[in-house]
Amino acid sequence: MSQTPPAVSSRPRARVVSNVRCTPPKAPSPRKKLPVPAAKSTASAAGRLDPTVSFPAIRSPTKSPRNGARKQLMASSPLMTVMINAARKAARGIQRDFGEVENLQVSRKGPGDFVTNADKRTEKILRDELLKARPSYGFLAEEGGALKGSDAENRWIVDPIDGTTNFIHGVPLIAISIALERKDEVIAGLIYNPIMDELFTAERGRGGMLNERRRLRVSARRELKDALICCGLPHDSKDDFQTFNRELTALQGHTGGFRRTGSACLDLAYVAAGRFDAFWERGLHPWDVAAGSLLVREAGGRVVDLDAKPDPIATGNVLVSNAELFEDLQKRLRGLAAP
Ligand code: IPD
């Protein structure tokens with residue numbers, strides 16, 4: 001597989017459709033073992049990670065299914081199995097590198113936007129695995145740009161490590177994001193946090209799952225005053241601080257609280273899982289939003305463009321919410337962008 005992508009195609013629209021092929025249920029594939037927690041502390045006197053110690057995987061609180069319960073789990077389709085296998089393979093390097101974060105050679109792309117060797121390595125593994133399974137598909141990713149496939153209808157959209165700044169700082173809020181777009185619609189999405197071992201998946205028309213065993217469902221919270229709202233925080237000098245400040249002001253004093261994780265795809269996954277009630281951010285890219293938007297929709301939530309444009313994945317200006325709070329949030333946040 002060539003590493004140098006040919007011509008970059010312009011970003012097509014992505015919406016969801018329902019032509020996912022389903023197969024008869026089969027037993028879920030065995031979970032891969034993650035690195036065993038080291039006995040000694042990972043923190044040095046300076047409070048930084050000790051690069052010689054492997055970082056312990058934090059287990060998600062989901063319970064193991066009891067005998068019999070396993071039968072009721074939704075089996076992954078062949079397509080999702082390809083995506084999960086690629087993500088788990090790529091995750092092994094991230095888990096290793098996360099424990100050696102201080103040793104990584106980091107190059108600077110722009111203010112606050114770092115690219116690590118781990119990013120590039122992870123993207124290569126994902127590209128190799130996904131294109132090995134579906135050689136004719138196109139491929140769009142954060143580091144390498146777009147690769148045109150012979151099949152113009154299908155395209156992978158990939159962020160190898162969303163939350164690069166978290167990664168560099170040893171904050172375990174990072175994720176691999178993989179979406180499959182078919183005829184400009186996202187039909188499958190996966191978001192995997194390899195440090196916390198949390199796997200969020202969804203296929204169009206089949207719903208979403210956490211760790212292949214718990215259904216994804218957005219929250220049912222109705223009152224904005226009780227809601228936990230996540231947002232992006234503009235930080236780059238090119239960012240539109242004024243619009244963000246107007247948006248924040250429109251919500252401040254009316255919510256149960258605000259959060260900023262530093263990984264937009266996890267923000268979307270957390271809305272899909274009902275942890276956050278809503279999320280908004282401007283200036284995102286298709287690889288930040290494509291997989292997560294399907295997770296949220298399949299979990300019963302809403303994903304729209306903040307300025308009422310038709311395609312939030314294309315604009316990257318997203319409002320994501322549970323169904324109950326959506327109208328209220330939309331009313332408060334719309335029309336605040338600088339002219
Ligand atoms: C970033 C994260 C972050 C968001 C930035 C993104 P990256 O992606 O998703 O939460 O605020 O706009 O660029 O660079 O870590 O892949």
# chains A, B, ... in the order shown; residues from 1 in each chain; ligands from 1

call {"tool": "residues_around", "arguments": {"residues": "Phe326 (chain A)", "least_positions_apart": "5", "cutoff": "8 Å", "atoms": "only C-alpha atoms", "output": "list in words"}}
result
Arg302, Val320 and Ser321 of chain A

call {"tool": "write_last_selection", "arguments": {"atoms": "N, CA, C and O atoms", "output": "PDB file, in the first residue's frame"}}
result
ATOM      1  N   ARG A 302     -29.916  13.552  18.302  1.00  0.00           N
ATOM      2  CA  ARG A 302     -29.954  14.426  17.137  1.00  0.00           C
ATOM      3  C   ARG A 302     -28.571  14.994  16.854  1.00  0.00           C
ATOM      4  O   ARG A 302     -27.817  15.319  17.778  1.00  0.00           O
ATOM      5  N   VAL A 320     -25.114  18.444  18.978  1.00  0.00           N
ATOM      6  CA  VAL A 320     -25.473  17.043  19.187  1.00  0.00           C
ATOM      7  C   VAL A 320     -26.228  16.985  20.508  1.00  0.00           C
ATOM      8  O   VAL A 320     -25.793  17.578  21.487  1.00  0.00           O
ATOM      9  N   SER A 321     -27.358  16.286  20.522  1.00  0.00           N
ATOM     10  CA  SER A 321     -28.170  16.359  21.743  1.00  0.00           C
ATOM     11  C   SER A 321     -29.069  15.134  21.886  1.00  0.00           C
ATOM     12  O   SER A 321     -29.361  14.448  20.908  1.00  0.00           O
TER      13      SER A 321
END

call {"tool": "residues_near_ligand", "arguments": {"ligand": "ligand 1", "cutoff": "7 Å", "atoms": "only C-alpha atoms and all ligand atoms", "output": "mmCIF file with N, CA and C atoms, in the first residue's frame"}}
result
data_model
loop_
_atom_site.group_PDB
_atom_site.id
_atom_site.type_symbol
_atom_site.label_atom_id
_atom_site.label_comp_id
_atom_site.auth_asym_id
_atom_site.auth_seq_id
_atom_site.Cartn_x
_atom_site.Cartn_y
_atom_site.Cartn_z
ATOM 1 N N ASP A 113 -1.663 21.875 17.838
ATOM 2 C CA ASP A 113 -2.115 20.750 17.016
ATOM 3 C C ASP A 113 -0.906 19.858 16.692
ATOM 4 N N ASP A 159 -9.938 8.730 12.008
ATOM 5 C CA ASP A 159 -9.029 9.524 12.850
ATOM 6 C C ASP A 159 -8.247 8.523 13.698
ATOM 7 N N ILE A 161 -5.897 8.907 16.080
ATOM 8 C CA ILE A 161 -5.949 9.244 17.514
ATOM 9 C C ILE A 161 -6.657 10.588 17.633
ATOM 10 N N ASP A 162 -7.899 10.561 18.028
ATOM 11 C CA ASP A 162 -8.601 11.815 18.284
ATOM 12 C C ASP A 162 -8.360 12.147 19.754
ATOM 13 N N GLY A 163 -7.817 13.339 19.969
ATOM 14 C CA GLY A 163 -7.397 13.703 21.325
ATOM 15 C C GLY A 163 -5.880 13.663 21.410
ATOM 16 N N THR A 164 -5.234 14.108 20.318
ATOM 17 C CA THR A 164 -3.765 14.040 20.262
ATOM 18 C C THR A 164 -3.121 14.825 21.402
ATOM 19 N N THR A 165 -3.704 15.972 21.713
ATOM 20 C CA THR A 165 -3.111 16.783 22.781
ATOM 21 C C THR A 165 -3.248 16.071 24.129
ATOM 22 N N GLY A 232 -16.562 22.085 22.676
ATOM 23 C CA GLY A 232 -15.168 22.302 22.306
ATOM 24 C C GLY A 232 -14.774 23.680 22.822
ATOM 25 N N LEU A 233 -13.482 23.877 23.015
ATOM 26 C CA LEU A 233 -13.021 25.198 23.445
ATOM 27 C C LEU A 233 -12.071 25.735 22.399
ATOM 28 N N THR A 261 -13.632 17.571 26.944
ATOM 29 C CA THR A 261 -12.773 16.390 27.082
ATOM 30 C C THR A 261 -11.493 16.491 26.266
ATOM 31 N N GLY A 262 -11.528 17.201 25.124
ATOM 32 C CA GLY A 262 -10.357 17.236 24.247
ATOM 33 C C GLY A 262 -10.367 16.141 23.195
ATOM 34 N N SER A 263 -11.462 15.399 23.088
ATOM 35 C CA SER A 263 -11.605 14.407 22.023
ATOM 36 C C SER A 263 -13.039 14.486 21.517
ATOM 37 N N ALA A 264 -13.209 15.106 20.366
ATOM 38 C CA ALA A 264 -14.568 15.350 19.870
ATOM 39 C C ALA A 264 -15.312 14.051 19.606
ATOM 40 N N CYS A 265 -14.593 13.035 19.109
ATOM 41 C CA CYS A 265 -15.325 11.795 18.812
ATOM 42 C C CYS A 265 -15.795 11.139 20.109
ATOM 43 N N GLY A 283 -15.788 23.986 13.813
ATOM 44 C CA GLY A 283 -14.482 23.805 13.186
ATOM 45 C C GLY A 283 -13.941 22.386 13.240
ATOM 46 N N LEU A 284 -14.812 21.415 13.407
ATOM 47 C CA LEU A 284 -14.354 20.021 13.414
ATOM 48 C C LEU A 284 -14.171 19.502 11.992
ATOM 49 N N ASP A 288 -13.460 13.684 12.743
ATOM 50 C CA ASP A 288 -13.843 13.871 14.149
ATOM 51 C C ASP A 288 -15.306 13.488 14.379
#

call {"tool": "select_by_dssp", "arguments": {"residues": "region 149-252 of chain A", "states": "alpha helix (DSSP H)", "output": "MDAnalysis selection string"}}
result
chainID A and resid 164:168 241:251

call {"tool": "write_last_selection", "arguments": {"atoms": "N, CA, C and O atoms", "output": "PDB file, in the first residue's frame"}}
result
ATOM      1  N   THR A 164      -5.234  14.108  20.318  1.00  0.00           N
ATOM      2  CA  THR A 164      -3.765  14.040  20.262  1.00  0.00           C
ATOM      3  C   THR A 164      -3.121  14.825  21.402  1.00  0.00           C
ATOM      4  O   THR A 164      -2.136  14.382  21.992  1.00  0.00           O
ATOM      5  N   THR A 165      -3.704  15.972  21.713  1.00  0.00           N
ATOM      6  CA  THR A 165      -3.111  16.783  22.781  1.00  0.00           C
ATOM      7  C   THR A 165      -3.248  16.071  24.129  1.00  0.00           C
ATOM      8  O   THR A 165      -2.321  16.069  24.948  1.00  0.00           O
ATOM      9  N   ASN A 166      -4.385  15.435  24.354  1.00  0.00           N
ATOM     10  CA  ASN A 166      -4.533  14.618  25.567  1.00  0.00           C
ATOM     11  C   ASN A 166      -3.455  13.546  25.615  1.00  0.00           C
ATOM     12  O   ASN A 166      -2.829  13.309  26.650  1.00  0.00           O
ATOM     13  N   PHE A 167      -3.253  12.899  24.487  1.00  0.00           N
ATOM     14  CA  PHE A 167      -2.286  11.805  24.390  1.00  0.00           C
ATOM     15  C   PHE A 167      -0.888  12.282  24.786  1.00  0.00           C
ATOM     16  O   PHE A 167      -0.207  11.668  25.600  1.00  0.00           O
ATOM     17  N   ILE A 168      -0.512  13.403  24.217  1.00  0.00           N
ATOM     18  CA  ILE A 168       0.818  13.943  24.496  1.00  0.00           C
ATOM     19  C   ILE A 168       0.980  14.270  25.981  1.00  0.00           C
ATOM     20  O   ILE A 168       2.052  14.104  26.552  1.00  0.00           O
ATOM     21  N   PHE A 241     -13.350  32.985  18.526  1.00  0.00           N
ATOM     22  CA  PHE A 241     -13.623  33.090  19.969  1.00  0.00           C
ATOM     23  C   PHE A 241     -14.946  33.802  20.235  1.00  0.00           C
ATOM     24  O   PHE A 241     -15.653  33.492  21.177  1.00  0.00           O
ATOM     25  N   GLN A 242     -15.237  34.802  19.393  1.00  0.00           N
ATOM     26  CA  GLN A 242     -16.427  35.618  19.678  1.00  0.00           C
ATOM     27  C   GLN A 242     -17.708  34.808  19.585  1.00  0.00           C
ATOM     28  O   GLN A 242     -18.587  34.921  20.437  1.00  0.00           O
ATOM     29  N   THR A 243     -17.783  34.001  18.522  1.00  0.00           N
ATOM     30  CA  THR A 243     -18.985  33.168  18.394  1.00  0.00           C
ATOM     31  C   THR A 243     -19.082  32.216  19.571  1.00  0.00           C
ATOM     32  O   THR A 243     -20.144  32.047  20.175  1.00  0.00           O
ATOM     33  N   PHE A 244     -17.950  31.597  19.927  1.00  0.00           N
ATOM     34  CA  PHE A 244     -17.988  30.666  21.059  1.00  0.00           C
ATOM     35  C   PHE A 244     -18.436  31.389  22.329  1.00  0.00           C
ATOM     36  O   PHE A 244     -19.261  30.871  23.091  1.00  0.00           O
ATOM     37  N   ASN A 245     -17.919  32.581  22.552  1.00  0.00           N
ATOM     38  CA  ASN A 245     -18.292  33.308  23.776  1.00  0.00           C
ATOM     39  C   ASN A 245     -19.784  33.622  23.797  1.00  0.00           C
ATOM     40  O   ASN A 245     -20.425  33.535  24.845  1.00  0.00           O
ATOM     41  N   ARG A 246     -20.332  33.947  22.620  1.00  0.00           N
ATOM     42  CA  ARG A 246     -21.783  34.199  22.569  1.00  0.00           C
ATOM     43  C   ARG A 246     -22.560  32.915  22.875  1.00  0.00           C
ATOM     44  O   ARG A 246     -23.555  32.938  23.598  1.00  0.00           O
ATOM     45  N   GLU A 247     -22.079  31.812  22.331  1.00  0.00           N
ATOM     46  CA  GLU A 247     -22.764  30.528  22.566  1.00  0.00           C
ATOM     47  C   GLU A 247     -22.699  30.136  24.044  1.00  0.00           C
ATOM     48  O   GLU A 247     -23.698  29.715  24.639  1.00  0.00           O
ATOM     49  N   LEU A 248     -21.523  30.313  24.626  1.00  0.00           N
ATOM     50  CA  LEU A 248     -21.372  29.957  26.040  1.00  0.00           C
ATOM     51  C   LEU A 248     -22.276  30.838  26.902  1.00  0.00           C
ATOM     52  O   LEU A 248     -22.971  30.352  27.805  1.00  0.00           O
ATOM     53  N   THR A 249     -22.305  32.112  26.581  1.00  0.00           N
ATOM     54  CA  THR A 249     -23.147  33.047  27.340  1.00  0.00           C
ATOM     55  C   THR A 249     -24.621  32.655  27.240  1.00  0.00           C
ATOM     56  O   THR A 249     -25.375  32.785  28.209  1.00  0.00           O
ATOM     57  N   ALA A 250     -25.007  32.166  26.050  1.00  0.00           N
ATOM     58  CA  ALA A 250     -26.423  31.790  25.863  1.00  0.00           C
ATOM     59  C   ALA A 250     -26.826  30.626  26.759  1.00  0.00           C
ATOM     60  O   ALA A 250     -28.004  30.453  27.064  1.00  0.00           O
ATOM     61  N   LEU A 251     -25.846  29.835  27.177  1.00  0.00           N
ATOM     62  CA  LEU A 251     -26.171  28.656  27.993  1.00  0.00           C
ATOM     63  C   LEU A 251     -25.770  28.803  29.461  1.00  0.00           C
ATOM     64  O   LEU A 251     -26.338  28.130  30.331  1.00  0.00           O
TER      65      LEU A 251
END

call {"tool": "residues_around", "arguments": {"residues": "region 174-181 of chain A", "least_positions_apart": "2", "cutoff": "9 Å", "atoms": "only C-alpha atoms", "output": "PyMOL selection string"}}
result
chain A and resi 14-16+83+87+90-91+122+126+153-167+171-172+183-195+262-263+265-266+287-292+294

call {"tool": "residues_around", "arguments": {"residues": "Met80 (chain A)", "least_positions_apart": "2", "cutoff": "8 Å", "atoms": "only C-alpha atoms", "output": "PyMOL selection string"}}
result
chain A and resi 76-78+82-84+188+201+203

call {"tool": "write_last_selection", "arguments": {"atoms": "C-alpha atoms", "output": "PDB file, in the first residue's frame"}}
result
ATOM      1  CA  SER A  76     -21.320  -7.933  14.870  1.00  0.00           C
ATOM      2  CA  SER A  77     -21.808  -7.935  11.128  1.00  0.00           C
ATOM      3  CA  PRO A  78     -18.860  -8.907   8.894  1.00  0.00           C
ATOM      4  CA  VAL A  82     -13.480  -5.812  10.047  1.00  0.00           C
ATOM      5  CA  MET A  83     -13.657  -2.422  11.786  1.00  0.00           C
ATOM      6  CA  ILE A  84     -13.286  -3.869  15.293  1.00  0.00           C
ATOM      7  CA  ALA A 188     -21.155   2.211  10.184  1.00  0.00           C
ATOM      8  CA  THR A 201     -20.094   0.839  17.677  1.00  0.00           C
ATOM      9  CA  GLU A 203     -24.535   0.389  12.187  1.00  0.00           C
TER      10      GLU A 203
END

call {"tool": "closest_residue", "arguments": {"among": "A:Ala338, A:Ala227, A:Leu140, A:Leu295", "to": "Asp307 (chain A)", "atoms": "only C-alpha atoms"}}
result
A:Ala338

call {"tool": "closest_residue", "arguments": {"among": "A:Asp226, A:His235, A:Tyr270, A:Ala133", "to": "Glu198 (chain A)", "atoms": "only C-alpha atoms"}}
result
A:Tyr270

call {"tool": "closest_residue", "arguments": {"among": "A:His285, A:Arg121, A:Arg275, A:Arg259", "to": "Asp97 (chain A)", "atoms": "only C-alpha atoms"}}
result
A:Arg121
